[in-house]
file final-v6.txt (compact mmCIF, C-alpha atoms)
# COMPACT_ATOMS: atom_id res chain seq x y z
CA MET A 1 -26.76 11.89 -28.79
CA LYS A 2 -25.22 12.76 -32.14
CA THR A 3 -23.41 9.84 -33.72
CA CYS A 4 -21.19 9.42 -36.75
CA HIS A 5 -21.63 7.18 -39.78
CA ARG A 6 -19.28 4.52 -38.37
CA PHE A 7 -21.43 4.20 -35.24
CA ARG A 8 -24.54 3.67 -37.37
CA ARG A 9 -22.73 1.15 -39.58
CA ILE A 10 -21.51 -0.84 -36.56
CA LYS A 11 -24.97 -0.81 -34.97
CA THR A 12 -26.74 -1.78 -38.20
CA GLY A 13 -24.41 -4.73 -38.75
CA PHE A 14 -24.96 -6.09 -35.26
CA GLU A 15 -28.72 -5.54 -35.42
CA ARG A 16 -28.88 -7.50 -38.69
CA GLU A 17 -26.87 -10.34 -37.17
CA ILE A 18 -29.11 -10.39 -34.08
CA GLY A 19 -32.24 -10.36 -36.24
CA PHE A 20 -31.04 -13.32 -38.31
CA SER A 21 -30.26 -15.32 -35.16
CA GLN A 22 -33.60 -14.53 -33.53
CA ALA A 23 -35.52 -15.40 -36.70
CA HIS A 24 -33.66 -18.71 -36.95
CA ALA A 25 -34.48 -19.46 -33.31
CA GLU A 26 -38.18 -18.77 -33.95
CA ARG A 27 -38.28 -20.90 -37.10
CA HIS A 28 -36.65 -23.87 -35.39
CA ALA A 29 -38.33 -23.61 -31.98
CA GLY A 30 -37.86 -26.69 -29.83
CA ARG A 31 -34.68 -27.83 -31.55
CA PRO A 32 -31.10 -27.57 -30.30
CA ALA A 33 -30.26 -25.22 -33.18
CA ALA A 34 -32.88 -22.77 -31.91
CA LYS A 35 -31.36 -22.74 -28.46
CA ALA A 36 -27.90 -22.13 -29.92
CA SER A 37 -29.19 -19.28 -32.10
CA ALA A 38 -30.97 -17.66 -29.16
CA LYS A 39 -27.78 -17.80 -27.08
CA TYR A 40 -25.81 -16.39 -30.01
CA ALA A 41 -28.27 -13.48 -30.30
CA ILE A 42 -27.85 -12.68 -26.61
CA SER A 43 -24.07 -12.73 -26.88
CA ALA A 44 -24.25 -10.59 -30.03
CA LYS A 45 -26.23 -7.97 -28.08
CA TYR A 46 -23.50 -7.94 -25.45
CA ARG A 47 -20.78 -7.65 -28.09
CA MET A 48 -22.70 -4.83 -29.80
CA ALA A 49 -22.88 -2.90 -26.53
CA GLN A 50 -19.15 -3.34 -26.01
CA ALA A 51 -18.28 -2.32 -29.57
CA LEU A 52 -20.48 0.78 -29.48
CA ASN A 53 -19.15 1.79 -26.07
CA ARG A 54 -15.60 1.38 -27.31
CA HIS A 55 -16.38 3.39 -30.43
CA VAL A 56 -17.99 6.27 -28.51
CA SER A 57 -15.06 6.48 -26.12
CA HIS A 58 -12.55 6.80 -28.97
CA CYS A 59 -14.47 8.74 -31.61
CA PRO A 60 -14.13 12.53 -31.43
CA GLU A 61 -17.34 12.99 -33.43
CA CYS A 62 -19.49 10.81 -31.16
CA GLY A 63 -17.93 11.72 -27.83

call {"tool": "encode", "arguments": {"input": "final-v6.txt", "output": "structure tokens"}}
result
Amino acid sequence: MKTCHRFRRIKTGFEREIGFSQAHAERHAGRPAAKASAKYAISAKYRMAQALNRHVSHCPECG
């Protein structure tokens, strides 16, 4: 699938956010903050999927 620069920028931003949350969860394993970060990473993956789907459906270059 050919994608535009906006798609890649959106995806990169979410992947960075997810990576930060997962790394925080690993560093603080066993603490409540780790559990919160892990949940945040899961919800960020869901939000990324929604944002990318929305982008593809509206972008003439990606669609």

call {"tool": "closest_residue", "arguments": {"input": "final-v6.txt", "among": "A:Leu52, A:Cys62, A:Ala34, A:Ser57", "to": "Ile10 of chain A", "atoms": "all atoms listed in the file"}}
result
A:Leu52

call {"tool": "residues_around", "arguments": {"input": "final-v6.txt", "residues": "Cys59 of chain A", "least_positions_apart": "4", "cutoff": "10 Å", "atoms": "all atoms listed in the file", "output": "list in words"}}
result
Thr3, Cys4, Arg6, Phe7, Arg54, His55 and Gly63 of chain A

call {"tool": "residues_around", "arguments": {"input": "final-v6.txt", "residues": "Ala38 of chain A", "least_positions_apart": "5", "cutoff": "10 Å", "atoms": "all atoms listed in the file", "output": "PyMOL selection string"}}
result
chain A and resi 18+21-26+29+32-33+43-44

call {"tool": "atom_distance", "arguments": {"input": "final-v6.txt", "atom1": "atom CA of Ala36 of chain A", "atom2": "atom CA of Ala51 of chain A"}}
result
22.0 Å

call {"tool": "atom_distance", "arguments": {"input": "final-v6.txt", "atom1": "atom CA of Ala41 of chain A", "atom2": "atom CA of His5 of chain A"}}
result
23.7 Å

call {"tool": "closest_residue", "arguments": {"input": "final-v6.txt", "among": "A:Met48, A:Met1, A:Ile42, A:Val56", "to": "Glu15 of chain A", "atoms": "only C-alpha atoms"}}
result
A:Met48

call {"tool": "atom_distance", "arguments": {"input": "final-v6.txt", "atom1": "atom CA of Gly13 of chain A", "atom2": "atom CA of Lys39 of chain A"}}
result
17.8 Å

call {"tool": "closest_residue", "arguments": {"input": "final-v6.txt", "among": "A:Tyr40, A:Glu61, A:Arg8, A:Lys2", "to": "Phe20 of chain A", "atoms": "only C-alpha atoms"}}
result
A:Tyr40

call {"tool": "axis_aligned_box", "arguments": {"input": "final-v6.txt", "around": "segment 32-49 of chain A", "padding_each_side": "8 Å", "output": "JSON"}}
result
{"center_x": -26.8, "center_y": -15.2, "center_z": -29.3, "size_x": 28.1, "size_y": 40.7, "size_z": 23.7}
